[in-house]
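Read the structure below first, then the notes.
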Amino acid sequence: MYPRAPMEVSPASPGELGVQLANLIATVTEKQGAPPFGEVLRAAMSDPDGGGLGYAARSHGRLVSYAFAAPNPDGRVWTLEVADGSGQQDRFLNDVARGLDAAGIEETVLWLHAPDIEPPALFTHERDLYRMAVRLPVPGTVRPPAGVRFAGFDVRRDARALIEVNNRAFDGHPEQGEWSLQDLERRTSLPWFDARGVRTGWVDHRLVAFHWTKVHDTPAPDGGALGEIYVLAVDPAFLGRGLGRAIALEGLDYLSRHRRATRAILYVDSANIAAVKLYRRLGFATEHTDRAYRRTRSG
Ligand SMILES: CC(C)(COP(=O)(O)OP(=O)(O)OC[C@H]1O[C@@H](n2cnc3c(N)ncnc32)[C@H](O)[C@@H]1OP(=O)(O)O)[C@@H](O)C(=O)NCCC(=O)NCCS
């Protein structure tokens with residue numbers, strides 16, 4: 001066995017690491033086939049007032065690993081992700097966990113995006129998230145169920161109605177539930193946001209479902225645009241009537257016809273039976289699994 005390379009771990013903000021961090025993220029993304037930081041933490045990392053905490057591991061002065069944590073909307077549980085290029089992820093995470101303990105953080109959920117990784121010693125496996133993908137266009141006729149009208153989204157007029165359906169549909173969900181107007185505004189101000197890509201379903205004047213689509217900056221492998229089912233939700237009072245399937249098709253059709261997407265991806269909790277079944281029926285297949293681990297502060 002080779003001796004472990006010396007590694008120093010210290011707090012560091014993404015801003016102060018600049019291009020070194022960008023290079024590390026690019027290398028780790030390439031190696032593990034998925035970006036180490038998800039969208040929520042990427043947004044928190046670019047917000048100097050976001051209240052997140054970062055830790056850098058350096059070996060011989062070179063940045064070899066980086067971890068970043070930020071509070072969930074509930075303010076109690078923190079999300080942690082790590083770009084590890086050191087080959088000593090568990091050791092790095094021990095130091096990070098100690099840092100988070102010292103900062104008084106009670107509960108941390110660590111998301112690992114690399115396949116076949118050893119489960120981290122200080123954390124307990126909690127849930128898995130599938131990344132599913134399909135080629136576009138998917139076969140199927142876009143038609144709203146009887147009594148439902150599909151439309152676009154007006155950020156000012158429809159924001160509260162959308163939040164209400166979102167929070168009812170994702171009641172108790174750790175990241176997607178309990179959205180505030182601010183949470184919504186943060187997302188509608190993202191550079192890729194496209195109001196026409198938020199397809200909505202209405203019964204009379206009531207918003208009952210929505211399908212928020214996204215188009216990625218990086219193209220699909222065949223050179224076409226890469227689309228995403230970013231959020232799909234049906235009001236719990238309107239479940240089981242074919243609305244989920246219909247509005248999913250409506251959004252995929254928008255991606256394919258108006259945004260020239262040739263592939264769509266989505267992220268779904270493996271335990272979300274209804275959604276996984278709906279997506280499989282539409283032709284989506286699982287291409288990657290992210291794993292979540294939880295840790296409660298010791299002592
Ligand atoms: C997933 C969701 C959109 C489905 O909406 P819906 O309007 O009830 O779905 P549909 O009536 O169009 O049904 C679509 C398919 O999913 C299946 N399905 C729906 N609910 C199901 C359930 N509870 N258990 C098993 N299968 C279910 C249906 O049987 C149907 O399959 P079929 O075509 O073989 O009959 C809805 O449950 C929802 O909003 N859930 C909360 C938010 C969420 O989890 N969104 C997805 C996150 S990625």
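Just remember, in the structure tokens the first chain shown is A, the second B, etc., residues are 1-based per chain, and ligands are 1-based in the order shown.
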
Practice prompt. Output the neighbourhood of ligand 1 as a list in words, that is, all protein and nucleic acid residues with some atom at most 6 Å from the ligand, counting only C-alpha atoms and all ligand atoms.
Written response: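 Selection of residues at most 6 Å from ligand 1: Ala169, Phe170, Leu232, Ala233, Val234, Leu239, Gly240, Arg241, Gly242, Leu243, Gly244, Arg245, Tyr267, Val268, Ile273, Ala274, Ala275, Lys277 and Leu278 of chain A.
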
Quick one: write out the picked residues with N, CA and C atoms as an mmCIF file, in the first residue's frame?
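Output saved as part.cif:
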```cif
data_model
loop_
_atom_site.group_PDB
_atom_site.id
_atom_site.type_symbol
_atom_site.label_atom_id
_atom_site.label_comp_id
_atom_site.auth_asym_id
_atom_site.auth_seq_id
_atom_site.Cartn_x
_atom_site.Cartn_y
_atom_site.Cartn_z
ATOM 1 N N ALA A 169 -48.545 19.380 -3.474
ATOM 2 C CA ALA A 169 -48.075 18.145 -4.124
ATOM 3 C C ALA A 169 -46.822 17.603 -3.437
ATOM 4 N N PHE A 170 -45.957 18.494 -2.949
ATOM 5 C CA PHE A 170 -44.699 18.053 -2.334
ATOM 6 C C PHE A 170 -44.718 18.244 -0.818
ATOM 7 N N LEU A 232 -42.616 18.596 -11.898
ATOM 8 C CA LEU A 232 -43.930 18.187 -12.401
ATOM 9 C C LEU A 232 -44.814 17.968 -11.182
ATOM 10 N N ALA A 233 -45.968 18.594 -11.143
ATOM 11 C CA ALA A 233 -46.822 18.432 -9.966
ATOM 12 C C ALA A 233 -48.289 18.532 -10.339
ATOM 13 N N VAL A 234 -49.079 17.666 -9.713
ATOM 14 C CA VAL A 234 -50.532 17.684 -9.880
ATOM 15 C C VAL A 234 -51.119 17.938 -8.497
ATOM 16 N N LEU A 239 -55.523 13.969 -8.608
ATOM 17 C CA LEU A 239 -54.659 12.840 -8.976
ATOM 18 C C LEU A 239 -55.465 11.726 -9.652
ATOM 19 N N GLY A 240 -54.711 10.880 -10.385
ATOM 20 C CA GLY A 240 -55.307 9.657 -10.915
ATOM 21 C C GLY A 240 -56.307 9.863 -12.038
ATOM 22 N N ARG A 241 -56.262 11.036 -12.696
ATOM 23 C CA ARG A 241 -57.199 11.305 -13.802
ATOM 24 C C ARG A 241 -56.458 11.465 -15.128
ATOM 25 N N GLY A 242 -55.216 11.057 -15.151
ATOM 26 C CA GLY A 242 -54.451 11.190 -16.393
ATOM 27 C C GLY A 242 -53.825 12.558 -16.593
ATOM 28 N N LEU A 243 -53.945 13.436 -15.586
ATOM 29 C CA LEU A 243 -53.427 14.797 -15.717
ATOM 30 C C LEU A 243 -51.896 14.816 -15.713
ATOM 31 N N GLY A 244 -51.298 14.000 -14.831
ATOM 32 C CA GLY A 244 -49.836 13.939 -14.746
ATOM 33 C C GLY A 244 -49.234 13.522 -16.079
ATOM 34 N N ARG A 245 -49.756 12.450 -16.640
ATOM 35 C CA ARG A 245 -49.252 11.965 -17.926
ATOM 36 C C ARG A 245 -49.454 13.022 -19.021
ATOM 37 N N TYR A 267 -34.919 14.074 -12.538
ATOM 38 C CA TYR A 267 -34.440 13.478 -11.297
ATOM 39 C C TYR A 267 -35.666 13.121 -10.467
ATOM 40 N N VAL A 268 -35.704 11.888 -9.976
ATOM 41 C CA VAL A 268 -36.867 11.475 -9.192
ATOM 42 C C VAL A 268 -36.411 10.544 -8.065
ATOM 43 N N ILE A 273 -43.158 6.056 -6.151
ATOM 44 C CA ILE A 273 -43.695 5.003 -7.032
ATOM 45 C C ILE A 273 -44.525 5.600 -8.173
ATOM 46 N N ALA A 274 -45.405 6.569 -7.812
ATOM 47 C CA ALA A 274 -46.312 7.131 -8.823
ATOM 48 C C ALA A 274 -45.507 7.785 -9.947
ATOM 49 N N ALA A 275 -44.529 8.612 -9.566
ATOM 50 C CA ALA A 275 -43.767 9.344 -10.582
ATOM 51 C C ALA A 275 -42.875 8.390 -11.388
ATOM 52 N N LYS A 277 -43.338 5.305 -12.031
ATOM 53 C CA LYS A 277 -44.178 4.531 -12.962
ATOM 54 C C LYS A 277 -44.602 5.398 -14.146
ATOM 55 N N LEU A 278 -45.025 6.621 -13.845
ATOM 56 C CA LEU A 278 -45.431 7.538 -14.918
ATOM 57 C C LEU A 278 -44.286 7.730 -15.917
#
```

Worksheet entry | Near-His205 of chain A list (12 Å; only C-alpha atoms; drop same-chain fewer than 3 positions) as a list in words |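 Near His205 of chain A, the qualifying residues are Gly147, Val148, Arg149, Phe150, Ala151, Arg157, Asp158, Ala161, Thr200, Gly201, Trp202 and Val208 of chain A.
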
Selection from above, N, CA and C atoms, as a short mmCIF file (atom, residue, chain, number, x, y, z; two decimals), in the first residue's frame, can you write it?
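Wrote it out as part-v7.cif, contents follow:
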```
data_model
loop_
_atom_site.label_atom_id
_atom_site.label_comp_id
_atom_site.auth_asym_id
_atom_site.auth_seq_id
_atom_site.Cartn_x
_atom_site.Cartn_y
_atom_site.Cartn_z
N GLY A 147 -62.19 18.84 -19.38
CA GLY A 147 -62.40 19.87 -18.36
C GLY A 147 -61.14 20.61 -17.97
N VAL A 148 -59.98 20.19 -18.54
CA VAL A 148 -58.70 20.84 -18.19
C VAL A 148 -58.20 21.61 -19.41
N ARG A 149 -57.66 22.81 -19.16
CA ARG A 149 -57.10 23.63 -20.22
C ARG A 149 -55.60 23.80 -19.94
N PHE A 150 -54.75 23.62 -20.95
CA PHE A 150 -53.31 23.85 -20.78
C PHE A 150 -52.96 25.27 -21.22
N ALA A 151 -52.04 25.90 -20.50
CA ALA A 151 -51.61 27.25 -20.85
C ALA A 151 -50.15 27.42 -20.44
N ARG A 157 -48.71 36.93 -12.28
CA ARG A 157 -50.11 36.57 -12.03
C ARG A 157 -50.25 35.18 -11.39
N ASP A 158 -49.41 34.20 -11.84
CA ASP A 158 -49.65 32.81 -11.46
C ASP A 158 -48.72 32.31 -10.35
N ALA A 161 -50.41 30.81 -7.18
CA ALA A 161 -51.18 29.60 -7.50
C ALA A 161 -50.22 28.42 -7.72
N THR A 200 -48.91 24.95 -17.73
CA THR A 200 -49.84 24.88 -16.60
C THR A 200 -51.16 24.25 -17.03
N GLY A 201 -51.84 23.61 -16.08
CA GLY A 201 -53.15 23.00 -16.34
C GLY A 201 -54.18 23.67 -15.45
N TRP A 202 -55.31 24.06 -16.04
CA TRP A 202 -56.32 24.82 -15.32
C TRP A 202 -57.68 24.13 -15.40
N VAL A 208 -54.28 23.58 -11.47
CA VAL A 208 -54.35 22.24 -10.86
C VAL A 208 -53.12 21.39 -11.15
#
```

Practice prompt. Just give me the gap between atom CA of Arg280 of chain A and atom CA of Val165 of chain A in Å, one decimal is fine.
Written response: 23.6 Å

Fill in: Distance of atom CA of Ala57 of chain A from atom CA of Leu17 of chain A, expressed in Å to one decimal place
11.4 Å

Practice prompt. Can you pull out every residue within 12 Å of Arg98 of chain A, counting only C-alpha atoms, but drop anything in the same chain fewer than 2 positions away, and send it as a list in words?
Written response: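 Once the nearby chain positions are removed, what remains is Val9, Ser10, Pro11, Tyr55, Arg91, Phe92, Leu93, Asn94, Asp95, Val96, Leu100, Asp101, Ala102, Ala103, Gly104, Ile105, Glu106, Thr108, Leu122, Arg295, Thr296, Arg297, Ser298 and Gly299 of chain A.
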
Output file for the selection above: C-alpha atoms, as a PDB file, in the first residue's frame:
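Saved to selection.pdb:
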```pdb
ATOM      1  CA  VAL A   9      -8.296  20.796   5.169  1.00  0.00           C
ATOM      2  CA  SER A  10      -9.413  24.363   5.835  1.00  0.00           C
ATOM      3  CA  PRO A  11     -12.517  26.515   5.358  1.00  0.00           C
ATOM      4  CA  TYR A  55     -13.992  23.350   2.897  1.00  0.00           C
ATOM      5  CA  ARG A  91     -10.974  11.118   5.431  1.00  0.00           C
ATOM      6  CA  PHE A  92     -11.873  14.496   3.919  1.00  0.00           C
ATOM      7  CA  LEU A  93     -15.523  14.069   4.923  1.00  0.00           C
ATOM      8  CA  ASN A  94     -14.487  13.356   8.521  1.00  0.00           C
ATOM      9  CA  ASP A  95     -12.787  16.756   8.660  1.00  0.00           C
ATOM     10  CA  VAL A  96     -15.739  18.430   6.952  1.00  0.00           C
ATOM     11  CA  LEU A 100     -19.959  21.464  10.419  1.00  0.00           C
ATOM     12  CA  ASP A 101     -20.271  20.214  14.015  1.00  0.00           C
ATOM     13  CA  ALA A 102     -18.185  23.141  15.213  1.00  0.00           C
ATOM     14  CA  ALA A 103     -20.443  25.512  13.258  1.00  0.00           C
ATOM     15  CA  GLY A 104     -23.401  24.129  15.262  1.00  0.00           C
ATOM     16  CA  ILE A 105     -25.150  22.406  12.339  1.00  0.00           C
ATOM     17  CA  GLU A 106     -27.461  19.756  13.735  1.00  0.00           C
ATOM     18  CA  THR A 108     -26.588  17.260   7.348  1.00  0.00           C
ATOM     19  CA  LEU A 122     -19.987   8.925   9.484  1.00  0.00           C
ATOM     20  CA  ARG A 295     -25.718  12.650   9.727  1.00  0.00           C
ATOM     21  CA  THR A 296     -26.809  14.106  13.038  1.00  0.00           C
ATOM     22  CA  ARG A 297     -24.303  16.123  15.044  1.00  0.00           C
ATOM     23  CA  SER A 298     -22.382  14.085  17.550  1.00  0.00           C
ATOM     24  CA  GLY A 299     -22.201  15.148  21.155  1.00  0.00           C
TER      25      GLY A 299
END
```

Item to complete: Please identify which residues in segment 178-224 of chain A DSSP calls alpha helix (DSSP H) from the backbone, and express them as JSON, numbers by chain.
Response: {"A": [181, 182, 183, 184, 185, 186, 187, 188]}

Suppose we keep C-alpha atoms; can you now write the selection as a PDB file, in the first residue's frame?
```pdb
ATOM      1  CA  LEU A 181     -42.360  33.365  -3.011  1.00  0.00           C
ATOM      2  CA  GLN A 182     -38.629  34.008  -2.582  1.00  0.00           C
ATOM      3  CA  ASP A 183     -37.752  30.400  -3.457  1.00  0.00           C
ATOM      4  CA  LEU A 184     -39.807  30.711  -6.617  1.00  0.00           C
ATOM      5  CA  GLU A 185     -38.318  34.086  -7.513  1.00  0.00           C
ATOM      6  CA  ARG A 186     -34.811  32.698  -7.094  1.00  0.00           C
ATOM      7  CA  ARG A 187     -35.619  30.086  -9.712  1.00  0.00           C
ATOM      8  CA  THR A 188     -37.460  32.398 -12.103  1.00  0.00           C
TER       9      THR A 188
END
```

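Those residues that approach Phe68 of chain A to within 10 Å, counting only C-alpha atoms, are A:Pro11, A:Ala12, A:Ser13, A:Pro14, A:Phe37, A:Leu41, A:Arg42, A:Ala44, A:Met45, A:Gly52, A:Leu53, A:Gly54, A:Tyr55, A:Ala56, A:Trp78, A:Thr79, A:Leu80, A:Glu81, A:Val82, A:Ala83, A:Val96, A:Leu110; same-chain residues fewer than 3 positions away are not listed.
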
Item to complete: Taking the DSSP assignment computed from this structure's backbone, write out as number ranges by chain all residues of segment 110-239 of chain A that belong to strand (DSSP E or B).
Response: A: 110-112, 124-135, 149-151, 198-203, 206-215, 225-234
